[in-house]
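**Student:** Following this line is run11.cif, made up of mmCIF, C-alpha atoms and all ligand atoms:
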data_input
loop_
_atom_site.group_PDB
_atom_site.id
_atom_site.type_symbol
_atom_site.label_atom_id
_atom_site.label_comp_id
_atom_site.auth_asym_id
_atom_site.auth_seq_id
_atom_site.Cartn_x
_atom_site.Cartn_y
_atom_site.Cartn_z
ATOM 1 C CA MET A 1 4.448 10.456 2.036
ATOM 2 C CA ARG A 2 0.798 10.893 1.297
ATOM 3 C CA ASP A 3 -1.150 8.661 -1.056
ATOM 4 C CA ASP A 4 -1.680 11.665 -3.292
ATOM 5 C CA ASP A 5 2.062 12.141 -3.606
ATOM 6 C CA ILE A 6 2.542 8.517 -4.547
ATOM 7 C CA VAL A 7 -0.167 8.679 -7.182
ATOM 8 C CA ALA A 8 1.253 11.925 -8.532
ATOM 9 C CA ALA A 9 4.704 10.404 -8.849
ATOM 10 C CA ALA A 10 3.266 7.308 -10.497
ATOM 11 C CA ARG A 11 1.448 9.489 -13.006
ATOM 12 C CA VAL A 12 4.672 11.216 -14.016
ATOM 13 C CA ILE A 13 6.675 8.019 -14.166
ATOM 14 C CA GLY A 14 3.976 6.235 -16.106
ATOM 15 C CA ALA A 15 4.142 8.921 -18.773
ATOM 16 C CA LYS A 16 7.834 8.259 -19.378
ATOM 17 C CA ARG A 17 7.358 5.623 -21.977
ATOM 18 C CA ASP A 18 10.851 6.006 -23.285
ATOM 19 C CA LEU A 19 12.290 5.109 -19.931
ATOM 20 C CA ILE A 20 10.310 2.082 -18.998
ATOM 21 C CA ALA A 21 9.255 -0.800 -21.145
ATOM 22 C CA ASP A 22 5.933 -1.537 -19.535
ATOM 23 C CA THR A 23 4.031 1.233 -17.828
ATOM 24 C CA ALA A 24 0.605 -0.160 -18.633
ATOM 25 C CA ALA A 25 0.099 -1.644 -15.178
ATOM 26 C CA LEU A 26 1.276 1.551 -13.537
ATOM 27 C CA ASN A 27 -1.003 3.705 -15.645
ATOM 28 C CA GLU A 28 -3.903 1.418 -14.887
ATOM 29 C CA LEU A 29 -3.326 1.956 -11.176
ATOM 30 C CA VAL A 30 -3.216 5.710 -11.727
ATOM 31 C CA THR A 31 -6.520 5.480 -13.543
ATOM 32 C CA ARG A 32 -7.998 3.549 -10.628
ATOM 33 C CA ALA A 33 -6.657 6.190 -8.231
ATOM 34 C CA ASP A 34 -8.403 8.841 -10.302
ATOM 35 C CA ALA A 35 -11.590 6.838 -9.890
ATOM 36 C CA GLY A 36 -11.268 7.113 -6.137
ATOM 37 C CA GLU A 37 -9.668 3.787 -5.290
ATOM 38 C CA ARG A 38 -6.925 3.645 -2.707
ATOM 39 C CA VAL A 39 -4.142 2.087 -4.721
ATOM 40 C CA ALA A 40 -1.057 3.783 -3.289
ATOM 41 C CA ASP A 41 0.130 0.529 -1.739
ATOM 42 C CA ASP A 42 -0.346 -1.279 -5.028
ATOM 43 C CA ILE A 43 1.598 1.414 -6.824
ATOM 44 C CA LEU A 44 4.488 1.138 -4.399
ATOM 45 C CA GLU A 45 4.485 -2.624 -4.695
ATOM 46 C CA LEU A 46 4.596 -2.374 -8.470
ATOM 47 C CA LEU A 47 7.391 0.186 -8.403
ATOM 48 C CA THR A 48 9.570 -1.903 -6.140
ATOM 49 C CA LEU A 49 9.398 -4.792 -8.565
ATOM 50 C CA ASP A 50 11.306 -2.875 -11.209
ATOM 51 C CA ARG A 51 14.578 -1.261 -10.293
ATOM 52 C CA ARG A 52 14.347 1.415 -12.960
ATOM 53 C CA LEU A 53 10.832 2.312 -11.900
ATOM 54 C CA TRP A 54 11.954 2.463 -8.317
ATOM 55 C CA GLU A 55 14.954 4.662 -9.103
ATOM 56 C CA GLU A 56 12.738 7.016 -11.028
ATOM 57 C CA PHE A 57 10.230 7.119 -8.227
ATOM 58 C CA ARG A 58 12.873 7.942 -5.653
ATOM 59 C CA ARG A 59 14.349 10.641 -7.836
ATOM 60 C CA HIS A 60 10.928 12.103 -8.362
ATOM 61 C CA VAL A 61 10.115 12.080 -4.659
ATOM 62 C CA ARG A 62 13.407 13.798 -3.889
ATOM 63 C CA GLN A 63 12.499 16.650 -6.148
ATOM 64 C CA GLY A 64 9.522 17.432 -3.973
ATOM 65 C CA GLN A 65 10.896 16.721 -0.522
ATOM 66 C CA GLU A 66 14.147 17.064 1.285
ATOM 67 C CA ARG A 67 14.243 13.335 1.589
ATOM 68 C CA PRO A 68 11.721 10.537 1.552
ATOM 69 C CA ARG A 69 10.530 9.268 4.880
ATOM 70 C CA GLY A 70 11.247 5.757 5.954
ATOM 71 C CA PRO A 71 8.708 2.979 5.961
ATOM 72 C CA VAL A 72 5.322 4.473 5.285
ATOM 73 C CA GLN A 73 2.901 1.711 5.998
ATOM 74 C CA ASP A 74 4.055 -1.845 5.831
ATOM 75 C CA GLY A 75 7.663 -1.156 4.988
ATOM 76 C CA MET A 76 7.495 -3.138 1.799
ATOM 77 C CA TYR A 77 9.407 -0.656 -0.262
ATOM 78 C CA VAL A 78 12.120 0.379 2.144
ATOM 79 C CA ASP A 79 14.599 -1.697 0.242
ATOM 80 C CA LEU A 80 14.462 -3.203 -3.155
ATOM 81 C CA PRO A 81 13.215 -6.746 -2.854
ATOM 82 C CA GLY A 82 15.457 -9.232 -4.506
ATOM 83 C CA ASP A 83 18.238 -6.737 -4.938
ATOM 84 C CA GLY A 84 21.017 -8.853 -6.292
ATOM 85 C CA ASP A 85 23.939 -6.512 -5.791
ATOM 86 C CA PRO A 86 23.328 -3.807 -3.200
ATOM 87 C CA SER A 87 27.032 -3.040 -2.965
ATOM 88 C CA ALA A 88 26.890 -1.649 -6.486
ATOM 89 C CA GLU A 89 24.953 1.352 -5.274
ATOM 90 C CA ILE A 90 26.974 4.346 -4.190
ATOM 91 C CA VAL A 91 25.178 7.040 -2.266
ATOM 92 C CA TYR A 92 26.450 10.584 -2.265
ATOM 93 C CA GLN A 93 25.198 12.609 0.654
ATOM 94 C CA CYS A 94 25.026 16.210 1.813
ATOM 95 C CA SER A 95 26.538 16.447 5.282
ATOM 96 C CA THR A 96 24.285 19.394 6.138
ATOM 97 C CA CYS A 97 20.776 18.271 5.281
ATOM 98 C CA GLY A 98 21.235 14.591 4.609
ATOM 99 C CA TYR A 99 20.160 14.797 0.981
ATOM 100 C CA GLU A 100 21.091 11.555 -0.692
ATOM 101 C CA PHE A 101 21.868 10.944 -4.320
ATOM 102 C CA PRO A 102 22.251 7.270 -5.186
ATOM 103 C CA VAL A 103 24.345 6.300 -8.159
ATOM 104 C CA PHE A 104 23.554 2.985 -9.744
ATOM 105 C CA GLU A 105 25.875 2.944 -12.689
ATOM 106 C CA VAL A 106 29.501 3.792 -13.116
ATOM 107 C CA GLY A 107 29.873 7.104 -14.860
ATOM 108 C CA GLU A 108 26.442 8.346 -13.874
ATOM 109 C CA PRO A 109 26.597 12.131 -13.375
ATOM 110 C CA VAL A 110 26.422 13.344 -9.802
ATOM 111 C CA PRO A 111 25.300 16.853 -8.872
ATOM 112 C CA GLU A 112 28.007 18.996 -7.339
ATOM 113 C CA CYS A 113 25.923 19.757 -4.303
ATOM 114 C CA CYS A 114 22.502 19.158 -2.796
ATOM 115 C CA PRO A 115 19.400 21.031 -4.033
ATOM 116 C CA GLN A 116 19.752 23.448 -1.122
ATOM 117 C CA GLY A 117 23.300 24.283 -2.183
ATOM 118 C CA HIS A 118 24.883 23.422 1.161
ATOM 119 C CA SER A 119 28.053 21.625 0.333
ATOM 120 C CA PRO A 120 29.570 19.175 -2.107
ATOM 121 C CA LEU A 121 28.072 15.711 -1.995
ATOM 122 C CA THR A 122 30.428 13.143 -0.605
HETATM 123 ZN ZN ZN B 201 22.250 20.002 1.853
#
Rewrite the coordinates I just gave you, this time as structure tokens.
Ligand SMILES: [Zn+2]

**Tutor:**
Amino acid sequence: MRDDDIVAAARVIGAKRDLIADTAALNELVTRADAGERVADDILELLTLDRRLWEEFRRHVRQGQERPRGPVQDGMYVDLPGDGDPSAEIVYQCSTCGYEFPVFEVGEPVPECCPQGHSPLT
């Protein structure tokens, strides 16, 4: 994932004021990125601190890529830090391309198949 992609995702997420209580810090980082600062790491760190932000970020990244790559730089955001109940997350996966769709809440809608239309997610 390139820094530009991270900043672009942060910009979209930061605009979703209805979704997230406090996007001020995120938007400030986006502004700094626009000014030429390298803040991708800071953005990732901020996103991992808030589960809803992190979910949104991952969903957003998935829309643009087949799947996010693993650790990008220091691995800080591979897993949610301080995740209290990892077993609550169910991941549906396409057996063909490996597309993953995590479900965090019971009753959350799950797409019938991956974006490439391979096969039902299981
Ligand atoms: Zn697939």

**Student:** Within 7 Å of ligand ZN 201 (chain B), which residues of chain A show up? Give each one with its shortest atom-to-atom distance in Å (one decimal) and the two atoms involved, counting all atoms listed in the file, rows by chain then rising residue number, as CSV.

**Tutor:**
residue,atom,partner,partner_atom,distance
A:Cys94,CA,B:ZN201,ZN,4.7
A:Ser95,CA,B:ZN201,ZN,6.5
A:Thr96,CA,B:ZN201,ZN,4.8
A:Cys97,CA,B:ZN201,ZN,4.1
A:Gly98,CA,B:ZN201,ZN,6.2
A:Tyr99,CA,B:ZN201,ZN,5.7
A:Cys114,CA,B:ZN201,ZN,4.7
A:Pro115,CA,B:ZN201,ZN,6.6
A:Gln116,CA,B:ZN201,ZN,5.2
A:Gly117,CA,B:ZN201,ZN,6.0
A:His118,CA,B:ZN201,ZN,4.4
A:Ser119,CA,B:ZN201,ZN,6.2

**Student:** Considering all atoms listed in the file, state which residue in the set A:Val39, A:Cys113, A:Val61, A:Leu44 is at the smallest distance from Val12 of chain A.

**Tutor:** A:Val61

**Student:** Residues picked by the PyMOL selection byres (((chain A and resi 13) around 12) and not hetatm) here, as number ranges by chain?

**Tutor:** A: 6-12, 14-27, 30, 43, 47, 52-61

**Student:** Of the candidates A:Asp3, A:Ala33, A:Pro111, A:Phe101, which one gets nearest to Arg62 of chain A if we count only C-alpha atoms?

**Tutor:**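 Using only C-alpha atoms, Arg62 of chain A sits closest to A:Phe101.
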
**Student:** At what distance in Å, to one decimal, does atom CA of Glu108 of chain A lie from atom CA of Pro120 of chain A?

**Tutor:** 16.3 Å

**Student:** May I ask for the distance between atom CA of Gln93 of chain A and atom CA of Pro109 of chain A, given in Å to one decimal place?

**Tutor:**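 Separation of atom CA of Gln93 of chain A and atom CA of Pro109 of chain A: 14.1 Å.
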
**Student:** Report, in Å with one decimal, the straight-line distance from atom CA of Val91 of chain A to atom CA of Asp50 of chain A.

**Tutor:**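 Distance between the two atoms: 19.3 Å.
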
**Student:** Could you write segment 3-33 of chain A as a tab-separated table (two decimals), keeping the file's coordinate frame, with N, CA and C atoms rebuilt where they are missing?

**Tutor:**
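See result-v4.tsv below for the written result:
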chain	number	residue	atom	x	y	z
A	3	ASP	N	-0.70	9.45	0.09
A	3	ASP	CA	-1.15	8.66	-1.06
A	3	ASP	C	-1.18	9.52	-2.31
A	4	ASP	N	-1.60	10.78	-2.13
A	4	ASP	CA	-1.68	11.66	-3.29
A	4	ASP	C	-0.31	11.86	-3.93
A	5	ASP	N	0.71	11.95	-3.08
A	5	ASP	CA	2.06	12.14	-3.61
A	5	ASP	C	2.51	10.91	-4.40
A	6	ILE	N	2.16	9.77	-3.88
A	6	ILE	CA	2.54	8.52	-4.55
A	6	ILE	C	1.86	8.42	-5.91
A	7	VAL	N	0.57	8.73	-5.92
A	7	VAL	CA	-0.17	8.68	-7.18
A	7	VAL	C	0.39	9.70	-8.17
A	8	ALA	N	0.72	10.88	-7.65
A	8	ALA	CA	1.25	11.92	-8.53
A	8	ALA	C	2.58	11.49	-9.15
A	9	ALA	N	3.42	10.88	-8.34
A	9	ALA	CA	4.70	10.40	-8.85
A	9	ALA	C	4.48	9.30	-9.88
A	10	ALA	N	3.55	8.41	-9.58
A	10	ALA	CA	3.27	7.31	-10.50
A	10	ALA	C	2.76	7.84	-11.84
A	11	ARG	N	1.99	8.91	-11.78
A	11	ARG	CA	1.45	9.49	-13.01
A	11	ARG	C	2.59	10.01	-13.89
A	12	VAL	N	3.54	10.68	-13.26
A	12	VAL	CA	4.67	11.22	-14.02
A	12	VAL	C	5.53	10.09	-14.58
A	13	ILE	N	5.81	9.12	-13.73
A	13	ILE	CA	6.68	8.02	-14.17
A	13	ILE	C	6.00	7.21	-15.27
A	14	GLY	N	4.71	7.01	-15.12
A	14	GLY	CA	3.98	6.24	-16.11
A	14	GLY	C	3.96	6.88	-17.48
A	15	ALA	N	4.16	8.20	-17.50
A	15	ALA	CA	4.14	8.92	-18.77
A	15	ALA	C	5.49	8.84	-19.49
A	16	LYS	N	6.50	8.33	-18.78
A	16	LYS	CA	7.83	8.26	-19.38
A	16	LYS	C	8.00	6.94	-20.13
A	17	ARG	N	7.36	6.88	-21.25
A	17	ARG	CA	7.36	5.62	-21.98
A	17	ARG	C	8.73	5.28	-22.55
A	18	ASP	N	9.54	6.30	-22.74
A	18	ASP	CA	10.85	6.01	-23.28
A	18	ASP	C	11.76	5.36	-22.25
A	19	LEU	N	11.43	5.59	-21.01
A	19	LEU	CA	12.29	5.11	-19.93
A	19	LEU	C	11.97	3.67	-19.55
A	20	ILE	N	10.73	3.36	-19.56
A	20	ILE	CA	10.31	2.08	-19.00
A	20	ILE	C	9.54	1.27	-20.04
A	21	ALA	N	9.86	0.04	-20.12
A	21	ALA	CA	9.26	-0.80	-21.14
A	21	ALA	C	7.75	-0.92	-20.95
A	22	ASP	N	7.35	-1.25	-19.75
A	22	ASP	CA	5.93	-1.54	-19.54
A	22	ASP	C	5.37	-0.66	-18.43
A	23	THR	N	4.65	0.37	-18.82
A	23	THR	CA	4.03	1.23	-17.83
A	23	THR	C	2.52	1.03	-17.80
A	24	ALA	N	2.05	0.04	-18.54
A	24	ALA	CA	0.60	-0.16	-18.63
A	24	ALA	C	-0.01	-0.43	-17.26
A	25	ALA	N	0.65	-1.30	-16.49
A	25	ALA	CA	0.10	-1.64	-15.18
A	25	ALA	C	0.10	-0.42	-14.26
A	26	LEU	N	1.17	0.35	-14.37
A	26	LEU	CA	1.28	1.55	-13.54
A	26	LEU	C	0.18	2.55	-13.90
A	27	ASN	N	0.01	2.75	-15.20
A	27	ASN	CA	-1.00	3.70	-15.64
A	27	ASN	C	-2.41	3.25	-15.29
A	28	GLU	N	-2.59	1.94	-15.27
A	28	GLU	CA	-3.90	1.42	-14.89
A	28	GLU	C	-4.19	1.75	-13.42
A	29	LEU	N	-3.15	1.63	-12.59
A	29	LEU	CA	-3.33	1.96	-11.18
A	29	LEU	C	-3.62	3.45	-10.99
A	30	VAL	N	-2.96	4.27	-11.80
A	30	VAL	CA	-3.22	5.71	-11.73
A	30	VAL	C	-4.67	6.00	-12.10
A	31	THR	N	-5.13	5.30	-13.13
A	31	THR	CA	-6.52	5.48	-13.54
A	31	THR	C	-7.48	5.09	-12.42
A	32	ARG	N	-7.15	3.98	-11.75
A	32	ARG	CA	-8.00	3.55	-10.63
A	32	ARG	C	-7.95	4.57	-9.50
A	33	ALA	N	-6.77	5.16	-9.27
A	33	ALA	CA	-6.66	6.19	-8.23
A	33	ALA	C	-7.55	7.37	-8.57
